[in-house]
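J.: My structure is in input-v8.txt, and what it holds is compact mmCIF, C-alpha atoms:
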# COMPACT_ATOMS: atom_id res chain seq x y z
CA MET A 293 -16.73 -25.73 -17.72
CA ASN A 294 -13.11 -26.82 -17.84
CA SER A 295 -10.95 -27.35 -14.80
CA PRO A 296 -10.26 -24.14 -12.89
CA ALA A 297 -6.58 -25.00 -13.28
CA LEU A 298 -6.89 -23.90 -16.92
CA LEU A 299 -8.05 -20.41 -15.95
CA PRO A 300 -5.44 -17.64 -16.20
CA THR A 301 -3.69 -16.73 -12.97
CA PRO A 302 -3.71 -13.09 -11.83
CA PRO A 303 -1.34 -10.93 -13.91
CA GLN A 304 1.95 -10.19 -12.19
CA ASP A 305 2.11 -6.54 -13.22
CA GLU A 306 0.35 -3.79 -15.13
CA ALA A 307 2.16 -4.59 -18.39
CA GLU A 308 0.98 -8.22 -18.32
CA LEU A 309 -2.60 -7.14 -17.59
CA LEU A 310 -2.59 -4.69 -20.51
CA GLN A 311 -1.06 -7.30 -22.82
CA ARG A 312 -3.79 -9.80 -21.94
CA ALA A 313 -6.46 -7.15 -22.50
CA GLN A 314 -4.99 -6.26 -25.90
CA LEU A 315 -5.12 -9.93 -26.93
CA LEU A 316 -8.89 -9.93 -26.31
CA ALA A 317 -9.47 -6.99 -28.70
CA GLY A 318 -11.36 -8.00 -31.83
CA GLN A 319 -12.41 -11.41 -30.50
CA THR A 320 -16.07 -12.43 -30.29
CA PHE A 321 -17.77 -13.46 -27.06
CA ALA A 322 -18.31 -16.90 -28.62
CA ALA A 323 -14.58 -17.37 -29.23
CA LEU A 324 -13.65 -16.19 -25.74
CA ALA A 325 -16.30 -18.40 -24.11
CA ALA A 326 -15.15 -21.44 -26.11
CA GLN A 327 -11.57 -20.95 -24.90
CA LEU A 328 -12.81 -21.37 -21.32
CA GLY A 329 -15.41 -24.05 -22.03
CA LEU A 330 -18.31 -21.72 -21.23
CA ALA A 331 -21.72 -21.59 -22.90
CA VAL A 332 -22.90 -18.26 -24.28
CA PRO A 333 -26.35 -17.29 -22.92
CA ALA A 334 -29.05 -16.43 -25.47
CA ASN A 335 -29.23 -12.90 -24.04
CA LEU A 336 -28.28 -10.93 -20.94
CA LYS A 337 -31.74 -10.61 -19.36
CA ARG A 338 -30.99 -13.29 -16.78
CA ASP A 339 -27.21 -13.12 -17.06
CA LYS A 340 -26.49 -9.41 -16.67
CA GLY A 341 -22.97 -9.89 -15.37
CA TRP A 342 -21.95 -12.60 -17.85
CA VAL A 343 -19.81 -10.42 -20.14
CA GLY A 344 -17.95 -8.87 -17.21
CA MET A 345 -17.33 -12.33 -15.74
CA LEU A 346 -16.04 -13.61 -19.12
CA ILE A 347 -13.53 -10.74 -19.38
CA GLU A 348 -12.52 -11.10 -15.72
CA LEU A 349 -11.77 -14.80 -16.18
CA HIS A 350 -9.60 -14.17 -19.24
CA LEU A 351 -7.66 -11.42 -17.48
CA GLY A 352 -7.21 -13.33 -14.21
CA ALA A 353 -9.19 -10.97 -11.97
CA SER A 354 -9.28 -12.06 -8.35
CA ALA A 355 -11.84 -9.87 -6.55
CA GLY A 356 -15.04 -11.53 -7.78
CA SER A 357 -17.93 -9.88 -5.96
CA LYS A 358 -15.74 -8.57 -3.14
CA ALA A 359 -15.63 -4.83 -2.46
CA GLU A 360 -11.95 -4.47 -3.38
CA GLN A 361 -10.61 -3.60 -6.81
CA ASP A 362 -10.68 -6.39 -9.43
CA PHE A 363 -6.87 -6.44 -9.51
CA ALA A 364 -6.28 -5.35 -5.92
CA HIS A 365 -2.57 -6.26 -6.01
CA LEU A 366 -2.14 -3.80 -8.89
CA GLY A 367 -4.62 -1.20 -7.62
CA ILE A 368 -6.67 -1.49 -10.83
CA GLU A 369 -10.43 -1.78 -11.32
CA LEU A 370 -11.90 -3.42 -14.45
CA LYS A 371 -14.89 -1.80 -16.18
CA THR A 372 -16.49 -3.24 -19.31
CA ILE A 373 -18.51 -0.61 -21.14
CA PRO A 374 -21.09 -1.44 -23.85
CA VAL A 375 -20.76 0.92 -26.83
CA ASP A 376 -22.62 1.49 -30.09
CA ALA A 377 -21.15 1.33 -33.61
CA GLN A 378 -19.73 4.85 -33.17
CA GLY A 379 -17.99 3.91 -29.92
CA LYS A 380 -20.41 5.87 -27.71
CA PRO A 381 -21.45 4.37 -24.34
CA LEU A 382 -24.93 2.83 -24.32
CA GLU A 383 -25.46 2.96 -20.56
CA THR A 384 -24.16 4.39 -17.31
CA THR A 385 -21.32 2.60 -15.52
CA PHE A 386 -21.81 1.15 -12.02
CA VAL A 387 -19.02 2.15 -9.62
CA CYS A 388 -20.01 0.82 -6.19
CA VAL A 389 -22.82 0.67 -3.65
CA ALA A 390 -23.65 4.00 -1.99
CA PRO A 391 -23.43 3.87 1.83
CA LEU A 392 -26.66 5.24 3.32
CA THR A 393 -25.67 5.07 7.01
CA GLY A 394 -22.48 5.35 9.07
CA ASN A 395 -21.00 8.17 6.98
CA SER A 396 -19.59 10.40 9.71
CA GLY A 397 -15.95 11.21 9.03
CA VAL A 398 -15.93 9.85 5.47
CA THR A 399 -14.12 12.13 3.02
CA TRP A 400 -13.59 11.99 -0.75
CA GLU A 401 -9.98 10.90 -0.17
CA THR A 402 -11.08 7.89 1.89
CA SER A 403 -14.24 7.12 -0.08
CA HIS A 404 -14.94 3.83 -1.81
CA VAL A 405 -15.80 5.69 -5.04
CA ARG A 406 -12.38 7.33 -5.26
CA HIS A 407 -10.67 4.04 -4.41
CA LYS A 408 -12.56 2.27 -7.22
CA LEU A 409 -11.79 5.01 -9.75
CA ALA A 410 -8.10 5.50 -8.86
CA ARG A 411 -7.01 3.37 -11.83
CA VAL A 412 -9.48 1.80 -14.24
CA LEU A 413 -8.95 -0.63 -17.11
CA TRP A 414 -11.79 0.28 -19.48
CA ILE A 415 -12.75 -2.41 -21.99
CA PRO A 416 -15.34 -1.32 -24.56
CA ILE A 417 -17.60 -4.12 -25.80
CA GLU A 418 -20.11 -4.16 -28.64
CA GLY A 419 -23.51 -3.53 -27.11
CA ASP A 420 -25.81 -3.28 -30.15
CA ARG A 421 -28.82 -5.43 -29.24
CA ALA A 422 -29.42 -6.22 -32.92
CA LEU A 423 -26.18 -8.23 -32.82
CA PRO A 424 -26.46 -11.76 -31.37
CA LEU A 425 -24.55 -11.92 -28.10
CA ALA A 426 -22.18 -14.60 -29.40
CA GLU A 427 -21.13 -12.40 -32.33
CA ARG A 428 -20.37 -9.26 -30.34
CA ARG A 429 -16.72 -8.35 -30.05
CA VAL A 430 -14.37 -6.89 -27.47
CA GLY A 431 -12.72 -3.52 -28.15
CA SER A 432 -9.25 -2.14 -27.43
CA PRO A 433 -8.46 -1.55 -23.75
CA LEU A 434 -7.74 1.78 -22.09
CA LEU A 435 -5.86 2.08 -18.79
CA TRP A 436 -6.96 5.37 -17.18
CA HIS A 437 -6.55 7.35 -14.01
CA PRO A 438 -8.31 10.64 -13.26
CA SER A 439 -6.57 13.93 -14.03
CA GLU A 440 -6.62 16.66 -11.38
CA GLU A 441 -9.59 18.27 -13.13
CA GLU A 442 -11.49 14.98 -13.36
CA ASP A 443 -10.78 14.19 -9.73
CA GLN A 444 -12.04 17.64 -8.70
CA GLN A 445 -15.35 17.32 -10.59
CA LEU A 446 -15.92 13.78 -9.28
CA ARG A 447 -15.20 15.06 -5.78
CA GLU A 448 -17.77 17.86 -6.15
CA ASP A 449 -20.41 15.41 -7.37
CA TRP A 450 -19.62 12.95 -4.57
CA GLU A 451 -19.76 15.65 -1.89
CA GLU A 452 -23.10 16.98 -3.19
CA LEU A 453 -24.63 13.48 -3.20
CA MET A 454 -23.19 12.43 0.17
CA ASP A 455 -24.41 15.68 1.76
CA MET A 456 -27.94 14.80 0.65
CA ILE A 457 -27.62 11.29 2.13
CA VAL A 458 -26.25 12.57 5.46
CA LEU A 459 -28.94 15.28 5.67
CA GLY A 460 -31.70 12.70 5.26
CA GLN A 461 -32.57 13.64 1.68
CA VAL A 462 -31.79 10.30 0.05
CA ASP A 463 -35.30 10.00 -1.38
CA ARG A 464 -34.93 13.40 -3.06
CA ILE A 465 -31.84 12.37 -5.04
CA THR A 466 -32.54 11.97 -8.74
CA ALA A 467 -30.37 10.86 -11.68
CA ARG A 468 -30.03 14.57 -12.58
CA HIS A 469 -27.95 15.35 -9.50
CA GLY A 470 -24.21 15.37 -10.18
CA ALA A 471 -22.44 16.37 -13.42
CA TRP A 472 -20.58 13.08 -13.92
CA LEU A 473 -21.46 10.95 -10.92
CA GLN A 474 -25.04 10.02 -10.06
CA ILE A 475 -26.84 7.92 -7.47
CA ARG A 476 -29.61 5.56 -8.55
CA PRO A 477 -31.59 2.76 -6.88
CA LYS A 478 -29.82 -0.58 -7.19
CA ALA A 479 -32.05 -3.46 -6.18
CA ALA A 480 -33.30 -6.70 -7.67
CA ASN A 481 -36.85 -5.71 -6.74
CA SER A 482 -38.81 -3.06 -4.84
CA LYS A 483 -38.95 -5.24 -1.70
CA ALA A 484 -35.17 -5.27 -1.17
CA LEU A 485 -35.03 -2.36 1.28
CA THR A 486 -32.12 -1.12 3.38
CA GLU A 487 -31.76 1.30 6.28
CA ALA A 488 -31.10 5.01 5.69
CA ILE A 489 -31.50 8.32 7.53
CA GLY A 490 -34.72 10.36 7.27
CA GLU A 491 -35.07 14.14 7.19
CA HIS A 492 -35.36 14.36 10.97
CA GLY A 493 -32.47 11.98 11.66
CA GLU A 494 -34.79 9.01 12.14
CA PRO A 495 -34.06 5.57 10.64
CA ILE A 496 -36.05 4.88 7.45
CA MET A 497 -36.18 1.98 5.01
CA THR A 498 -35.46 2.70 1.34
CA LEU A 499 -34.12 1.03 -1.78
CA PRO A 500 -30.36 0.40 -1.86
CA ARG A 501 -28.49 2.95 -3.98
CA GLY A 502 -25.45 2.76 -6.20
CA PHE A 503 -22.96 5.27 -7.58
CA TYR A 504 -22.87 5.36 -11.39
CA LEU A 505 -20.76 7.29 -13.90
CA LYS A 506 -22.93 9.15 -16.39
CA LYS A 507 -22.48 8.80 -20.15
CA SER A 508 -21.62 12.52 -20.13
CA PHE A 509 -18.35 11.44 -18.47
CA THR A 510 -17.53 8.11 -20.14
CA GLY A 511 -18.50 9.29 -23.65
CA PRO A 512 -15.92 12.11 -23.85
CA LEU A 513 -13.36 9.92 -22.04
CA LEU A 514 -13.55 7.21 -24.71
CA ALA A 515 -13.73 9.80 -27.53
CA ARG A 516 -10.53 11.51 -26.33
CA HIS A 517 -8.50 8.35 -26.06
CA PHE A 518 -9.79 6.56 -29.14
CA LEU A 519 -10.04 9.75 -31.27
CA LEU A 520 -13.69 9.07 -32.12
Starting from the file, lay out its structure as structure tokens.
T.:
Amino acid sequence: MNSPALLPTPPQDEAELLQRAQLLAGQTFAALAAQLGLAVPANLKRDKGWVGMLIELHLGASAGSKAEQDFAHLGIELKTIPVDAQGKPLETTFVCVAPLTGNSGVTWETSHVRHKLARVLWIPIEGDRALPLAERRVGSPLLWHPSEEEDQQLREDWEELMDMIVLGQVDRITARHGAWLQIRPKAANSKALTEAIGEHGEPIMTLPRGFYLKKSFTGPLLARHFLL
């Protein structure tokens, strides 16, 4: 890889971030990787976060794997979203890790989920697995923040899911709970356990969980803004 000095610095404002994102639209992963001196992996089986990292580097994101927003100084989170040829999302979108303990006093207003979704720069990317990774292209960006109605539905989903966690029902949560927001296990393997609360208030060990946005939310969101 080239010297880090050649990597873009964080954008100074929202307009610069959006301009950078618009310059990526239509470019292949191969072209974007070559500009940074990166090799394109054969596939994403072992490099799941590679595309997100590639986009982050081009845009000058600073958060890395930290819990804050990708562009914390602008209050903006970056989300790449694989889509099919019709522009429909191919998978759910990870938001953040779900806290399974220490949740007393946490409200929707102070939650990590709401913080992450306050302003999102959505970047659709070609996700058709029949296309070689190097040939897939980046789509046009969308800078979004939730409307009152969207915020209300996300709040209701979050409160339903957090109530189940606090009441010791974490192992009863399925992907069907929540209209737009869901909780799913998020672990490299079945041995990576974390502490949670059982039905009688006792400590239990379970798989880590993550909050994800369902395709039933991101699909209509992209369709509205891109007139699909």
J.: Find the residues of range 397-496 of chain A that sit at most 10 Å from range 361-382 of chain A; for each, write down the nearest two atoms and how far apart they are in Å, to one decimal. Count all atoms listed in the file. Sort by chain, then by number going up, and give it as a tab-separated table.
T.:
residue	atom	partner	partner_atom	distance
A:His404	CA	A:Gln361	CA	9.9
A:His407	CA	A:Gln361	CA	8.0
A:Lys408	CA	A:Glu369	CA	6.1
A:Leu409	CA	A:Glu369	CA	7.1
A:Ala410	CA	A:Ile368	CA	7.4
A:Arg411	CA	A:Ile368	CA	5.0
A:Val412	CA	A:Glu369	CA	4.7
A:Leu413	CA	A:Leu370	CA	4.9
A:Trp414	CA	A:Lys371	CA	5.0
A:Ile415	CA	A:Thr372	CA	4.7
A:Pro416	CA	A:Ile373	CA	4.7
A:Ile417	CA	A:Pro374	CA	4.8
A:Glu418	CA	A:Val375	CA	5.4
A:Gly419	CA	A:Pro374	CA	4.6
A:Asp420	CA	A:Asp376	CA	5.7
A:Arg421	CA	A:Asp376	CA	9.3
A:Val430	CA	A:Thr372	CA	9.2
A:Gly431	CA	A:Val375	CA	9.3
A:Pro433	CA	A:Thr372	CA	9.3
A:Leu434	CA	A:Lys371	CA	9.9
A:Leu435	CA	A:Ile368	CA	8.8
A:Trp436	CA	A:Ile368	CA	9.4
A:His437	CA	A:Ile368	CA	9.4
J.: Produce a file of the selected residues containing C-alpha atoms, as a PDB file, keeping the file's coordinate frame.
T.:
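Final file, part.pdb:
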ATOM      1  CA  HIS A 404     -14.940   3.830  -1.810  1.00  0.00           C
ATOM      2  CA  HIS A 407     -10.670   4.040  -4.410  1.00  0.00           C
ATOM      3  CA  LYS A 408     -12.560   2.270  -7.220  1.00  0.00           C
ATOM      4  CA  LEU A 409     -11.790   5.010  -9.750  1.00  0.00           C
ATOM      5  CA  ALA A 410      -8.100   5.500  -8.860  1.00  0.00           C
ATOM      6  CA  ARG A 411      -7.010   3.370 -11.830  1.00  0.00           C
ATOM      7  CA  VAL A 412      -9.480   1.800 -14.240  1.00  0.00           C
ATOM      8  CA  LEU A 413      -8.950  -0.630 -17.110  1.00  0.00           C
ATOM      9  CA  TRP A 414     -11.790   0.280 -19.480  1.00  0.00           C
ATOM     10  CA  ILE A 415     -12.750  -2.410 -21.990  1.00  0.00           C
ATOM     11  CA  PRO A 416     -15.340  -1.320 -24.560  1.00  0.00           C
ATOM     12  CA  ILE A 417     -17.600  -4.120 -25.800  1.00  0.00           C
ATOM     13  CA  GLU A 418     -20.110  -4.160 -28.640  1.00  0.00           C
ATOM     14  CA  GLY A 419     -23.510  -3.530 -27.110  1.00  0.00           C
ATOM     15  CA  ASP A 420     -25.810  -3.280 -30.150  1.00  0.00           C
ATOM     16  CA  ARG A 421     -28.820  -5.430 -29.240  1.00  0.00           C
ATOM     17  CA  VAL A 430     -14.370  -6.890 -27.470  1.00  0.00           C
ATOM     18  CA  GLY A 431     -12.720  -3.520 -28.150  1.00  0.00           C
ATOM     19  CA  PRO A 433      -8.460  -1.550 -23.750  1.00  0.00           C
ATOM     20  CA  LEU A 434      -7.740   1.780 -22.090  1.00  0.00           C
ATOM     21  CA  LEU A 435      -5.860   2.080 -18.790  1.00  0.00           C
ATOM     22  CA  TRP A 436      -6.960   5.370 -17.180  1.00  0.00           C
ATOM     23  CA  HIS A 437      -6.550   7.350 -14.010  1.00  0.00           C
TER      24      HIS A 437
END
J.: Measure the distance from CA of Cys388 in chain A to CA of Phe503 in chain A in Å and round it to one decimal.
T.: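 Going from CA of Cys388 in chain A over to CA of Phe503 in chain A, I get 5.5 Å.
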J.: Which is closer to Asn395 in chain A than all the others in A:Pro477, A:Pro424, A:Gly460, A:Gly344, using all atoms listed in the file?
T.: A:Gly460
J.: CA of Ala471 in chain A and CA of Ile457 in chain A are how many Å apart?
T.: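 Computing it gives 17.2 Å between the two atoms.
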J.: Using only C-alpha atoms, which of the listed residues (A:Glu401, A:Glu308, A:Glu494, A:Glu487) sits closest to Asp443 in chain A?
T.: A:Glu401
J.: For range 358-368 of chain A, what centre and edge lengths in Å (one decimal) does the axis-aligned box get once 5 Å is added on each side of all its listed atoms, as AutoDock Vina command-line options?
T.:
--center_x -8.9 --center_y -4.9 --center_z -6.6 --size_x 23.6 --size_y 17.4 --size_z 18.4
J.: Let me make sure I understand: among A:Gly352, A:His469, A:Gln327, A:Arg516, which one has the smallest atom-to-atom distance to Asp305 in chain A if we use only C-alpha atoms?
T.: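 Looking only at the distances to Asp305 in chain A, the closest residue turns out to be A:Gly352.
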